[in-house]
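Shown next: final-v1.txt, containing compact mmCIF, C-alpha atoms and all ligand atoms.
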```
# COMPACT_ATOMS: atom_id res chain seq x y z
CA MET N 1 -3.66 50.90 63.14
CA ASP N 2 -5.92 53.34 61.27
CA ARG N 3 -8.43 51.21 59.34
CA THR N 4 -10.56 54.06 57.97
CA THR N 5 -11.77 53.40 54.43
CA ARG N 6 -10.06 55.86 52.12
CA SER N 7 -9.04 56.20 48.52
CA MET N 8 -5.40 56.25 47.51
CA ILE N 9 -3.40 56.77 44.35
CA ALA N 10 -2.16 53.29 43.52
CA GLY N 11 -0.39 54.14 40.25
CA ILE N 12 0.70 57.21 38.32
CA GLY N 13 1.47 57.46 34.60
CA VAL N 14 2.45 60.36 32.40
CA ALA N 15 2.81 61.25 28.75
CA VAL N 16 4.51 64.23 27.19
CA PRO N 17 5.04 64.94 23.49
CA ARG N 18 8.53 64.46 22.09
CA LYS N 19 8.69 67.85 20.39
CA ILE N 20 10.40 70.57 22.47
CA ILE N 21 10.00 74.28 21.80
CA THR N 22 12.61 76.42 23.56
CA ASN N 23 12.39 80.11 24.39
CA TYR N 24 14.93 80.68 21.62
CA ASP N 25 12.55 79.04 19.15
CA LEU N 26 9.82 81.44 20.32
CA GLU N 27 12.11 84.44 19.81
CA LYS N 28 11.83 83.66 16.09
CA ILE N 29 7.99 83.63 16.16
CA VAL N 30 6.98 86.53 18.45
CA ASP N 31 8.58 89.64 19.93
CA THR N 32 9.96 88.04 23.08
CA SER N 33 13.25 86.93 24.61
CA ASP N 34 14.58 84.00 26.59
CA HIS N 35 15.55 86.54 29.27
CA TRP N 36 11.97 87.90 29.63
CA ILE N 37 10.39 84.46 29.73
CA VAL N 38 12.87 83.00 32.23
CA THR N 39 12.85 85.98 34.58
CA ARG N 40 9.07 86.59 34.45
CA THR N 41 7.92 82.92 34.48
CA GLY N 42 10.78 80.44 35.07
CA ILE N 43 9.97 78.63 31.81
CA LYS N 44 12.84 77.54 29.54
CA GLN N 45 11.05 75.12 27.23
CA ARG N 46 7.71 73.38 26.71
CA ARG N 47 6.42 70.28 24.89
CA VAL N 48 4.09 70.58 21.92
CA LEU N 49 2.01 67.73 20.55
CA GLU N 50 2.78 66.54 17.04
CA LYS N 51 0.19 67.11 14.30
CA GLY N 52 -2.12 64.13 13.93
CA ARG N 53 -2.13 63.26 17.64
CA SER N 54 -4.69 64.55 20.11
CA ASN N 55 -5.72 64.65 23.75
CA VAL N 56 -6.92 61.03 23.83
CA ASP N 57 -3.55 59.78 22.53
CA LEU N 58 -1.72 61.40 25.44
CA SER N 59 -4.44 60.31 27.87
CA GLU N 60 -4.25 56.69 26.75
CA GLN N 61 -0.47 56.57 27.08
CA ALA N 62 -0.58 58.00 30.61
CA ALA N 63 -3.52 55.78 31.59
CA ARG N 64 -1.85 52.55 30.48
CA GLU N 65 1.26 53.36 32.49
CA ALA N 66 -0.82 54.22 35.59
CA LEU N 67 -2.78 50.95 35.25
CA ASP N 68 0.45 48.95 34.90
CA ARG N 69 1.92 50.58 37.99
CA ALA N 70 -1.26 49.93 39.97
CA GLY N 71 -1.39 46.34 38.73
CA LEU N 72 -4.95 46.78 37.46
CA LYS N 73 -6.66 45.88 34.19
CA PRO N 74 -8.93 48.37 32.36
CA GLU N 75 -11.94 46.08 33.01
CA GLN N 76 -11.46 46.68 36.74
CA LEU N 77 -12.12 50.43 36.37
CA GLU N 78 -15.55 51.66 37.36
CA MET N 79 -15.08 55.30 36.49
CA ILE N 80 -12.94 57.43 34.19
CA LEU N 81 -12.68 61.14 34.82
CA VAL N 82 -10.74 63.41 32.51
CA GLY N 83 -9.93 66.89 33.80
CA THR N 84 -9.31 68.95 30.68
CA ILE N 85 -10.17 72.16 28.86
CA THR N 86 -8.77 70.85 25.58
CA PRO N 87 -10.91 67.77 24.82
CA ASP N 88 -10.76 66.11 21.41
CA TYR N 89 -14.23 67.48 20.60
CA PRO N 90 -16.72 69.89 22.23
CA PHE N 91 -18.63 66.64 22.75
CA PRO N 92 -18.64 63.73 23.35
CA ALA N 93 -16.29 63.63 26.31
CA THR N 94 -12.68 62.59 25.81
CA ALA N 95 -13.25 60.28 28.80
CA CYS N 96 -15.63 58.25 26.60
CA LEU N 97 -13.08 58.06 23.77
CA LEU N 98 -10.56 56.85 26.32
CA GLN N 99 -13.01 54.32 27.77
CA ALA N 100 -13.30 52.77 24.30
CA ARG N 101 -9.54 52.82 23.67
CA LEU N 102 -8.85 51.06 26.96
CA GLY N 103 -11.77 48.66 26.68
CA ALA N 104 -12.82 49.71 30.18
CA SER N 105 -16.20 48.05 29.73
CA LYS N 106 -17.45 48.60 33.29
CA ALA N 107 -16.53 52.27 33.61
CA LEU N 108 -18.75 55.34 33.56
CA ALA N 109 -16.89 58.22 31.94
CA PHE N 110 -17.05 61.99 31.87
CA ASP N 111 -14.90 65.08 31.43
CA LEU N 112 -14.60 67.76 34.04
CA SER N 113 -13.85 71.39 33.21
CA ALA N 114 -12.09 73.21 36.04
CA GLY N 115 -9.15 74.72 34.16
CA CYS N 116 -5.81 74.07 35.79
CA THR N 117 -7.62 72.74 38.87
CA GLY N 118 -9.03 69.87 36.76
CA PHE N 119 -6.86 67.10 38.20
CA VAL N 120 -7.53 68.10 41.82
CA TYR N 121 -11.28 68.49 41.23
CA ALA N 122 -11.42 65.11 39.44
CA LEU N 123 -9.39 63.40 42.16
CA THR N 124 -11.81 64.71 44.77
CA VAL N 125 -14.84 63.45 42.82
CA ALA N 126 -13.24 60.01 42.50
CA ASP N 127 -12.47 60.06 46.23
CA GLN N 128 -16.17 60.70 47.02
CA PHE N 129 -17.34 57.84 44.79
CA ILE N 130 -14.83 55.48 46.35
CA ARG N 131 -15.39 56.42 49.97
CA SER N 132 -19.18 56.28 49.56
CA GLY N 133 -18.82 52.69 48.39
CA ALA N 134 -20.15 53.46 44.88
CA CYS N 135 -16.93 52.36 43.25
CA GLN N 136 -13.67 50.56 43.97
CA ASN N 137 -11.28 51.73 41.25
CA ALA N 138 -11.22 54.99 39.30
CA LEU N 139 -8.97 56.47 36.66
CA VAL N 140 -8.32 60.20 37.00
CA ILE N 141 -6.55 62.10 34.25
CA GLY N 142 -5.24 65.65 34.00
CA VAL N 143 -4.43 66.33 30.37
CA GLU N 144 -4.04 69.34 28.11
CA VAL N 145 -3.14 70.12 24.54
CA LEU N 146 -2.93 73.85 25.11
CA SER N 147 -0.77 74.37 22.03
CA ARG N 148 -3.99 73.95 19.99
CA ILE N 149 -5.86 76.78 21.74
CA VAL N 150 -3.20 79.45 22.13
CA ASP N 151 -2.69 82.20 19.60
CA TRP N 152 0.88 81.71 18.43
CA GLU N 153 0.98 85.41 17.51
CA ASP N 154 0.11 86.52 21.07
CA ARG N 155 3.33 86.74 23.10
CA SER N 156 1.43 87.30 26.35
CA THR N 157 0.05 83.74 26.28
CA CYS N 158 1.87 81.53 23.76
CA VAL N 159 5.12 81.50 25.75
CA LEU N 160 3.42 80.17 28.88
CA PHE N 161 1.76 76.89 28.04
CA GLY N 162 2.75 73.32 27.19
CA ASP N 163 1.12 69.96 26.43
CA GLY N 164 1.10 66.84 28.60
CA ALA N 165 -0.93 64.26 30.50
CA GLY N 166 -0.86 62.64 33.90
CA ALA N 167 -3.02 59.74 35.04
CA ALA N 168 -3.74 58.36 38.50
CA VAL N 169 -5.40 55.06 39.33
CA VAL N 170 -7.33 55.67 42.51
CA THR N 171 -8.44 52.73 44.59
CA ARG N 172 -10.17 51.91 47.89
CA THR N 173 -7.89 51.07 50.80
CA ASN N 174 -7.94 50.36 54.52
CA SER N 175 -4.17 50.52 54.77
CA GLY N 176 -3.98 53.82 56.64
CA ARG N 177 -2.73 55.53 53.47
CA GLY N 178 -4.79 57.71 51.14
CA ILE N 179 -6.71 60.97 50.94
CA LEU N 180 -7.19 62.76 54.27
CA SER N 181 -8.90 66.02 53.30
CA PHE N 182 -9.83 68.25 50.39
CA ASP N 183 -10.67 71.91 49.97
CA LEU N 184 -12.22 73.09 46.70
CA GLY N 185 -13.62 76.47 45.75
CA SER N 186 -14.72 78.73 42.93
CA ASP N 187 -15.38 82.39 42.17
CA GLY N 188 -17.14 82.82 38.83
CA ARG N 189 -16.91 86.60 39.10
CA GLY N 190 -13.43 86.08 37.67
CA ALA N 191 -14.61 83.95 34.74
CA GLU N 192 -13.54 86.49 32.15
CA LEU N 193 -9.98 86.73 33.47
CA LEU N 194 -9.09 83.48 31.72
CA MET N 195 -11.28 82.09 28.98
CA ILE N 196 -11.92 81.15 25.38
CA PRO N 197 -14.82 83.46 24.46
CA GLY N 198 -15.79 81.88 21.13
CA GLY N 199 -17.15 78.53 20.01
CA GLY N 200 -19.75 78.10 22.76
CA SER N 201 -23.41 79.11 22.89
CA SER N 202 -22.55 82.77 23.63
CA PHE N 203 -20.49 83.27 20.50
CA PRO N 204 -20.95 80.23 18.27
CA THR N 205 -18.17 79.76 15.76
CA SER N 206 -18.64 82.01 12.75
CA ARG N 207 -16.42 83.77 10.26
CA GLU N 208 -16.55 86.81 12.59
CA THR N 209 -15.53 84.93 15.74
CA VAL N 210 -12.62 83.41 13.89
CA ASP N 211 -11.57 86.76 12.39
CA GLN N 212 -11.68 88.23 15.91
CA LYS N 213 -9.62 85.25 17.20
CA LEU N 214 -12.26 84.47 19.83
CA HIS N 215 -11.36 80.77 19.62
CA TYR N 216 -8.05 81.42 21.38
CA VAL N 217 -7.17 81.74 25.08
CA LYS N 218 -7.60 85.26 26.48
CA MET N 219 -5.97 85.98 29.82
CA ASN N 220 -5.53 88.87 32.21
CA GLY N 221 -2.20 87.64 33.55
CA ASN N 222 -1.75 90.30 36.24
CA GLU N 223 -5.12 89.64 37.89
CA ILE N 224 -4.67 85.86 37.75
CA PHE N 225 -1.24 86.30 39.31
CA LYS N 226 -2.65 88.24 42.28
CA PHE N 227 -5.50 85.77 42.73
CA ALA N 228 -3.08 82.83 42.61
CA VAL N 229 -0.69 84.16 45.23
CA ARG N 230 -3.58 84.79 47.64
CA VAL N 231 -5.56 81.62 47.05
CA VAL N 232 -2.68 79.12 47.16
CA GLU N 233 -1.72 80.11 50.67
CA GLU N 234 -5.33 80.12 51.97
CA ASN N 235 -6.19 76.88 50.22
CA THR N 236 -3.10 75.04 51.51
CA LEU N 237 -3.68 76.21 55.08
CA ASN N 238 -7.39 75.23 54.98
CA LEU N 239 -6.56 71.83 53.58
CA LEU N 240 -3.99 71.13 56.28
CA LYS N 241 -6.18 72.48 59.07
CA LYS N 242 -9.05 70.16 58.09
CA ALA N 243 -6.80 67.18 58.83
CA GLY N 244 -5.02 68.69 61.85
CA PHE N 245 -1.67 69.49 60.19
CA THR N 246 0.49 72.56 59.55
CA PRO N 247 2.79 73.40 56.60
CA ALA N 248 5.80 72.18 58.62
CA ASP N 249 4.33 68.65 58.57
CA LEU N 250 4.33 68.43 54.77
CA ASP N 251 6.85 66.22 53.01
CA PHE N 252 5.73 67.57 49.63
CA LEU N 253 3.62 70.42 48.33
CA PHE N 254 2.81 69.64 44.70
CA LEU N 255 1.77 73.02 43.42
CA HIS N 256 0.29 73.95 40.07
CA GLN N 257 3.04 75.13 37.76
CA ALA N 258 1.85 78.46 36.32
CA ASN N 259 4.72 80.77 37.17
CA LEU N 260 7.89 80.24 39.20
CA ARG N 261 7.27 83.55 40.96
CA ILE N 262 3.85 82.32 42.16
CA ILE N 263 5.39 79.05 43.39
CA GLU N 264 8.22 80.84 45.21
CA SER N 265 5.92 83.42 46.76
CA ALA N 266 3.54 80.73 48.09
CA ARG N 267 6.41 78.59 49.30
CA LYS N 268 7.97 81.46 51.25
CA ARG N 269 4.63 82.57 52.76
CA LEU N 270 4.04 79.00 53.93
CA LYS N 271 7.67 78.69 55.10
CA ILE N 272 8.30 75.39 53.34
CA PRO N 273 11.88 74.55 52.21
CA PRO N 274 12.47 74.41 48.42
CA GLU N 275 13.20 70.67 48.29
CA ARG N 276 9.62 70.01 49.47
CA VAL N 277 8.05 72.09 46.68
CA PRO N 278 9.20 70.48 43.43
CA VAL N 279 9.31 72.49 40.22
CA ASN N 280 9.19 71.40 36.58
CA ILE N 281 7.82 74.54 34.93
CA ASP N 282 11.29 75.18 33.50
CA ARG N 283 10.98 72.05 31.34
CA TYR N 284 7.25 71.81 30.61
CA GLY N 285 5.77 75.29 30.98
CA ASN N 286 2.23 75.50 32.33
CA THR N 287 0.57 72.19 31.43
CA SER N 288 -2.60 73.12 33.34
CA SER N 289 -4.33 70.05 34.80
CA ALA N 290 -1.38 67.78 33.90
CA ALA N 291 1.15 69.70 35.99
CA ILE N 292 0.58 68.03 39.37
CA PRO N 293 0.68 64.38 38.23
CA LEU N 294 3.79 65.19 36.17
CA LEU N 295 5.48 66.52 39.30
CA ILE N 296 4.42 63.53 41.40
CA LYS N 297 5.75 61.06 38.84
CA GLU N 298 9.15 62.77 38.83
CA GLU N 299 9.44 62.61 42.60
CA MET N 300 8.39 58.94 42.62
CA ASP N 301 10.86 58.01 39.90
CA ALA N 302 13.64 59.83 41.75
CA GLY N 303 12.87 57.73 44.84
CA ARG N 304 12.08 60.79 46.94
CA LEU N 305 8.32 60.32 47.29
CA LEU N 306 7.88 57.28 49.52
CA PRO N 307 4.90 55.52 51.11
CA GLY N 308 3.86 57.34 54.26
CA SER N 309 4.88 60.81 53.02
CA LEU N 310 2.39 63.60 53.74
CA VAL N 311 1.60 65.30 50.41
CA ALA N 312 -0.57 68.25 49.42
CA MET N 313 -1.67 68.80 45.82
CA VAL N 314 -2.81 72.39 45.27
CA ALA N 315 -3.98 74.08 42.07
CA PHE N 316 -5.84 77.15 40.78
CA GLY N 317 -7.12 78.21 37.41
CA ALA N 318 -9.88 79.22 35.05
CA GLY N 319 -13.35 79.56 36.46
CA LEU N 320 -11.96 80.86 38.68
CA THR N 321 -11.37 77.64 40.56
CA TRP N 322 -8.96 76.41 43.18
CA GLY N 323 -8.52 73.22 45.10
CA GLY N 324 -6.28 71.06 47.20
CA VAL N 325 -6.10 67.43 48.25
CA LEU N 326 -4.06 66.18 51.21
CA ALA N 327 -2.96 62.56 51.36
CA THR N 328 -0.71 60.11 53.10
CA TRP N 329 1.20 58.62 50.18
O1 LIG N 401 -2.57 78.38 35.10
C1 LIG N 401 -3.30 79.48 35.52
C2 LIG N 401 -3.31 80.53 34.51
N1 LIG N 401 -2.23 81.40 34.31
C3 LIG N 401 -1.49 82.01 35.24
O2 LIG N 401 -1.47 81.68 36.39
C4 LIG N 401 -0.67 83.17 34.81
C5 LIG N 401 -0.50 84.18 35.90
N2 LIG N 401 0.19 85.39 35.44
C6 LIG N 401 1.49 85.41 35.13
O3 LIG N 401 2.17 84.41 35.22
C7 LIG N 401 2.10 86.72 34.73
O4 LIG N 401 1.16 87.76 34.94
C8 LIG N 401 2.56 86.74 33.24
C9 LIG N 401 3.80 85.86 33.07
C10 LIG N 401 1.47 86.27 32.33
C11 LIG N 401 2.95 88.16 32.84
O5 LIG N 401 3.98 88.62 33.69
P1 LIG N 401 3.89 90.09 34.29
O6 LIG N 401 5.11 90.31 35.07
O7 LIG N 401 2.57 90.20 35.00
O8 LIG N 401 3.97 90.98 32.99
P2 LIG N 401 2.91 92.03 32.42
O9 LIG N 401 1.73 91.34 31.86
O10 LIG N 401 2.66 93.09 33.46
O11 LIG N 401 3.72 92.66 31.26
C12 LIG N 401 4.93 93.42 31.48
C13 LIG N 401 5.48 93.82 30.14
C14 LIG N 401 4.46 94.45 29.21
O12 LIG N 401 5.10 95.45 28.47
P3 LIG N 401 4.89 97.01 28.85
O13 LIG N 401 3.42 97.27 28.74
O14 LIG N 401 5.41 97.12 30.26
O15 LIG N 401 5.71 97.72 27.83
C15 LIG N 401 4.10 93.32 28.28
O16 LIG N 401 3.66 93.77 27.02
O17 LIG N 401 5.98 92.66 29.46
C16 LIG N 401 5.42 92.59 28.15
N3 LIG N 401 5.29 91.22 27.75
C17 LIG N 401 6.30 90.55 27.16
N4 LIG N 401 7.52 90.91 26.79
C18 LIG N 401 8.31 89.98 26.21
C19 LIG N 401 4.24 90.39 27.92
N5 LIG N 401 4.52 89.18 27.43
C20 LIG N 401 5.81 89.26 26.94
C21 LIG N 401 6.67 88.32 26.34
N6 LIG N 401 7.91 88.73 25.99
N7 LIG N 401 6.32 87.05 26.10
```

Show me the file's structure as structure tokens.
Amino acid sequence: MDRTTRSMIAGIGVAVPRKIITNYDLEKIVDTSDHWIVTRTGIKQRRVLEKGRSNVDLSEQAAREALDRAGLKPEQLEMILVGTITPDYPFPATACLLQARLGASKALAFDLSAGCTGFVYALTVADQFIRSGACQNALVIGVEVLSRIVDWEDRSTCVLFGDGAGAAVVTRTNSGRGILSFDLGSDGRGAELLMIPGGGSSFPTSRETVDQKLHYVKMNGNEIFKFAVRVVEENTLNLLKKAGFTPADLDFLFLHQANLRIIESARKRLKIPPERVPVNIDRYGNTSSAAIPLLIKEEMDAGRLLPGSLVAMVAFGAGLTWGGVLATW
């Protein structure tokens, strides 16, 4: 029996807002159509957070469910990592707000900004802390409230994104299950392909930055698309190779949900059958760092993701960043 010390996801929780915005609703706001959105992206609807609620509200809901499922109490957490680009405030970190909400008195807490790769980056950091012996139990969250940073007059972005949160309790194990390999990367030369230009130290918020709408997401969709198709295949193959596997060995590839055409292209290049590459972009849109835990939770609840399954979690996004984690579930 393999007794290597590893970290494993012991519980998953999710939270999505109740409010649904369909493509038909968007047709009334911007010059778009259900047909364009479905054929170009695969998205039919997305969730949008109600006024008065924020990132930490979704994070807390997902975290409590993940803790329940893992059978752990907040006081047993030693670290809280929140992968997000839509924190409650520029600072302090949403992870600290969450630490207080949960009463996780023994946990260090910080946010991690890696765009849509946030969950995978954060999971890898938690894995390092756990395997090094620095900590036993970590809470990793991927959460976004993208509806608050998109320009609802810009049809090229506002149709794409949705709000949601996914939480994973990660814990040390010698059971033979857990994380087998990771493969993370970045290429900052593509930083301007997907960004919010305003509100930081380059262009501090001013009347001018607001008039120029610099506080909203700007994206070069075509370039990100090309990057994504290339990097997902490379990243998945590297990840598998590091642990001595091939795509045919995978029970599940949990892929970032940015565009159904990206998912399908990667799936076909890797020659993985559709039932092993779950999709929920039709119902949630691109929820950035929340997308992968949302997918995992659905497969668990459906009874398809079982202990012992070989799973890859692969994402890409702003930075540019990309990353994958391979685990025995
Ligand atoms: O999570 C990581 C970050 N994001 C991504 O991974 C996104 C990656 N990129 C994409 O998913 C795709 O590039 C998009 C869905 C964003 C765009 O699809 P596309 O097939 O690359 O379309 P396009 O940008 O080349 O635009 C084609 C046409 C343009 O019209 P013209 O110039 O051909 O007349 C756009 O103005 O579609 C137009 N268009 C729209 N039409 C109706 C762009 N957005 C819309 C819209 N409704 N919402």

Write out as JSON, numbers by chain each polymer residue (protein, DNA or RNA) that has an atom no more than 9 Å from ligand LIG 401 (chain N), with all atoms listed in the file counted. {"N": [26, 27, 30, 31, 32, 33, 34, 35, 36, 37, 39, 40, 41, 115, 116, 117, 154, 155, 156, 157, 158, 159, 160, 161, 194, 219, 220, 221, 222, 223, 224, 225, 226, 227, 228, 256, 257, 258, 259, 260, 261, 262, 286, 287, 288, 289, 315, 316, 317, 318]}

Kindly save the residues from that selection, with C-alpha atoms included, as an mmCIF file, in the coordinates of the input.
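Dumped everything to out.cif:
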```cif
data_model
loop_
_atom_site.group_PDB
_atom_site.id
_atom_site.type_symbol
_atom_site.label_atom_id
_atom_site.label_comp_id
_atom_site.auth_asym_id
_atom_site.auth_seq_id
_atom_site.Cartn_x
_atom_site.Cartn_y
_atom_site.Cartn_z
ATOM 1 C CA LEU N 26 9.820 81.440 20.320
ATOM 2 C CA GLU N 27 12.110 84.440 19.810
ATOM 3 C CA VAL N 30 6.980 86.530 18.450
ATOM 4 C CA ASP N 31 8.580 89.640 19.930
ATOM 5 C CA THR N 32 9.960 88.040 23.080
ATOM 6 C CA SER N 33 13.250 86.930 24.610
ATOM 7 C CA ASP N 34 14.580 84.000 26.590
ATOM 8 C CA HIS N 35 15.550 86.540 29.270
ATOM 9 C CA TRP N 36 11.970 87.900 29.630
ATOM 10 C CA ILE N 37 10.390 84.460 29.730
ATOM 11 C CA THR N 39 12.850 85.980 34.580
ATOM 12 C CA ARG N 40 9.070 86.590 34.450
ATOM 13 C CA THR N 41 7.920 82.920 34.480
ATOM 14 C CA GLY N 115 -9.150 74.720 34.160
ATOM 15 C CA CYS N 116 -5.810 74.070 35.790
ATOM 16 C CA THR N 117 -7.620 72.740 38.870
ATOM 17 C CA ASP N 154 0.110 86.520 21.070
ATOM 18 C CA ARG N 155 3.330 86.740 23.100
ATOM 19 C CA SER N 156 1.430 87.300 26.350
ATOM 20 C CA THR N 157 0.050 83.740 26.280
ATOM 21 C CA CYS N 158 1.870 81.530 23.760
ATOM 22 C CA VAL N 159 5.120 81.500 25.750
ATOM 23 C CA LEU N 160 3.420 80.170 28.880
ATOM 24 C CA PHE N 161 1.760 76.890 28.040
ATOM 25 C CA LEU N 194 -9.090 83.480 31.720
ATOM 26 C CA MET N 219 -5.970 85.980 29.820
ATOM 27 C CA ASN N 220 -5.530 88.870 32.210
ATOM 28 C CA GLY N 221 -2.200 87.640 33.550
ATOM 29 C CA ASN N 222 -1.750 90.300 36.240
ATOM 30 C CA GLU N 223 -5.120 89.640 37.890
ATOM 31 C CA ILE N 224 -4.670 85.860 37.750
ATOM 32 C CA PHE N 225 -1.240 86.300 39.310
ATOM 33 C CA LYS N 226 -2.650 88.240 42.280
ATOM 34 C CA PHE N 227 -5.500 85.770 42.730
ATOM 35 C CA ALA N 228 -3.080 82.830 42.610
ATOM 36 C CA HIS N 256 0.290 73.950 40.070
ATOM 37 C CA GLN N 257 3.040 75.130 37.760
ATOM 38 C CA ALA N 258 1.850 78.460 36.320
ATOM 39 C CA ASN N 259 4.720 80.770 37.170
ATOM 40 C CA LEU N 260 7.890 80.240 39.200
ATOM 41 C CA ARG N 261 7.270 83.550 40.960
ATOM 42 C CA ILE N 262 3.850 82.320 42.160
ATOM 43 C CA ASN N 286 2.230 75.500 32.330
ATOM 44 C CA THR N 287 0.570 72.190 31.430
ATOM 45 C CA SER N 288 -2.600 73.120 33.340
ATOM 46 C CA SER N 289 -4.330 70.050 34.800
ATOM 47 C CA ALA N 315 -3.980 74.080 42.070
ATOM 48 C CA PHE N 316 -5.840 77.150 40.780
ATOM 49 C CA GLY N 317 -7.120 78.210 37.410
ATOM 50 C CA ALA N 318 -9.880 79.220 35.050
#
```

Give the answer as one residue: which of N:Gly319, N:Pro74, N:Gly103, N:Gly142 has the shortest atom-to-atom distance to Thr86 (chain N), using all atoms listed in the file?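 When distances to Thr86 (chain N) are compared using all atoms listed in the file, the smallest one comes from N:Gly142.
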
re CA of Arg283 (chain N) and CA of Gly42 (chain N): distance 9.2 Å

With all atoms listed in the file as the basis for distance, which of N:Tyr24, N:Phe252, N:Phe110, N:Tyr89 is at the shortest distance from Leu306 (chain N)?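 Using all atoms listed in the file, Leu306 (chain N) sits closest to N:Phe252.
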
Hey, can you check how far CA of Phe254 (chain N) sits from CA of Val311 (chain N)? 7.3 Å

Pick from N:Leu97, N:Ile20, N:Leu253, N:Val120, whichever lies nearest to Gln45 (chain N) using all atoms listed in the file: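 Answer, going by the shortest atom-to-atom distance: N:Ile20.
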
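Nearest residue to Leu180 (chain N) among N:Val277, N:Phe245, N:Glu153, N:Lys19 is N:Phe245, counting all atoms listed in the file.
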
Kindly output region 57-70 of chain N as a PDB file, keeping the file's coordinate frame, after building N, CA, C and O atoms.
```pdb
ATOM      1  N   ASP N  57      -4.805  60.537  22.718  1.00  0.00           N
ATOM      2  CA  ASP N  57      -3.550  59.780  22.530  1.00  0.00           C
ATOM      3  C   ASP N  57      -2.653  59.927  23.755  1.00  0.00           C
ATOM      4  O   ASP N  57      -2.073  58.946  24.244  1.00  0.00           O
ATOM      5  N   LEU N  58      -2.525  61.175  24.228  1.00  0.00           N
ATOM      6  CA  LEU N  58      -1.720  61.400  25.440  1.00  0.00           C
ATOM      7  C   LEU N  58      -2.378  60.745  26.649  1.00  0.00           C
ATOM      8  O   LEU N  58      -1.709  60.118  27.481  1.00  0.00           O
ATOM      9  N   SER N  59      -3.705  60.886  26.731  1.00  0.00           N
ATOM     10  CA  SER N  59      -4.440  60.310  27.870  1.00  0.00           C
ATOM     11  C   SER N  59      -4.253  58.802  27.929  1.00  0.00           C
ATOM     12  O   SER N  59      -4.033  58.229  29.003  1.00  0.00           O
ATOM     13  N   GLU N  60      -4.355  58.152  26.776  1.00  0.00           N
ATOM     14  CA  GLU N  60      -4.250  56.690  26.750  1.00  0.00           C
ATOM     15  C   GLU N  60      -2.856  56.240  27.207  1.00  0.00           C
ATOM     16  O   GLU N  60      -2.719  55.302  27.999  1.00  0.00           O
ATOM     17  N   GLN N  61      -1.844  56.933  26.713  1.00  0.00           N
ATOM     18  CA  GLN N  61      -0.470  56.570  27.080  1.00  0.00           C
ATOM     19  C   GLN N  61      -0.271  56.687  28.600  1.00  0.00           C
ATOM     20  O   GLN N  61       0.261  55.772  29.245  1.00  0.00           O
ATOM     21  N   ALA N  62      -0.725  57.800  29.154  1.00  0.00           N
ATOM     22  CA  ALA N  62      -0.580  58.000  30.610  1.00  0.00           C
ATOM     23  C   ALA N  62      -1.408  56.972  31.377  1.00  0.00           C
ATOM     24  O   ALA N  62      -0.955  56.409  32.376  1.00  0.00           O
ATOM     25  N   ALA N  63      -2.618  56.709  30.895  1.00  0.00           N
ATOM     26  CA  ALA N  63      -3.520  55.780  31.590  1.00  0.00           C
ATOM     27  C   ALA N  63      -2.946  54.370  31.623  1.00  0.00           C
ATOM     28  O   ALA N  63      -2.991  53.690  32.656  1.00  0.00           O
ATOM     29  N   ARG N  64      -2.395  53.920  30.509  1.00  0.00           N
ATOM     30  CA  ARG N  64      -1.850  52.550  30.480  1.00  0.00           C
ATOM     31  C   ARG N  64      -0.690  52.400  31.457  1.00  0.00           C
ATOM     32  O   ARG N  64      -0.543  51.377  32.116  1.00  0.00           O
ATOM     33  N   GLU N  65       0.147  53.434  31.539  1.00  0.00           N
ATOM     34  CA  GLU N  65       1.260  53.360  32.490  1.00  0.00           C
ATOM     35  C   GLU N  65       0.731  53.338  33.946  1.00  0.00           C
ATOM     36  O   GLU N  65       1.212  52.559  34.776  1.00  0.00           O
ATOM     37  N   ALA N  66      -0.272  54.174  34.224  1.00  0.00           N
ATOM     38  CA  ALA N  66      -0.820  54.220  35.590  1.00  0.00           C
ATOM     39  C   ALA N  66      -1.452  52.867  35.952  1.00  0.00           C
ATOM     40  O   ALA N  66      -1.284  52.374  37.078  1.00  0.00           O
ATOM     41  N   LEU N  67      -2.161  52.262  35.002  1.00  0.00           N
ATOM     42  CA  LEU N  67      -2.780  50.950  35.250  1.00  0.00           C
ATOM     43  C   LEU N  67      -1.722  49.888  35.516  1.00  0.00           C
ATOM     44  O   LEU N  67      -1.838  49.079  36.445  1.00  0.00           O
ATOM     45  N   ASP N  68      -0.663  49.902  34.708  1.00  0.00           N
ATOM     46  CA  ASP N  68       0.450  48.950  34.900  1.00  0.00           C
ATOM     47  C   ASP N  68       1.026  49.092  36.302  1.00  0.00           C
ATOM     48  O   ASP N  68       1.254  48.112  36.997  1.00  0.00           O
ATOM     49  N   ARG N  69       1.294  50.333  36.680  1.00  0.00           N
ATOM     50  CA  ARG N  69       1.920  50.580  37.990  1.00  0.00           C
ATOM     51  C   ARG N  69       1.006  50.176  39.143  1.00  0.00           C
ATOM     52  O   ARG N  69       1.472  49.796  40.212  1.00  0.00           O
ATOM     53  N   ALA N  70      -0.308  50.305  38.911  1.00  0.00           N
ATOM     54  CA  ALA N  70      -1.260  49.930  39.970  1.00  0.00           C
ATOM     55  C   ALA N  70      -1.550  48.434  39.939  1.00  0.00           C
ATOM     56  O   ALA N  70      -2.196  47.910  40.844  1.00  0.00           O
TER      57      ALA N  70
END
```
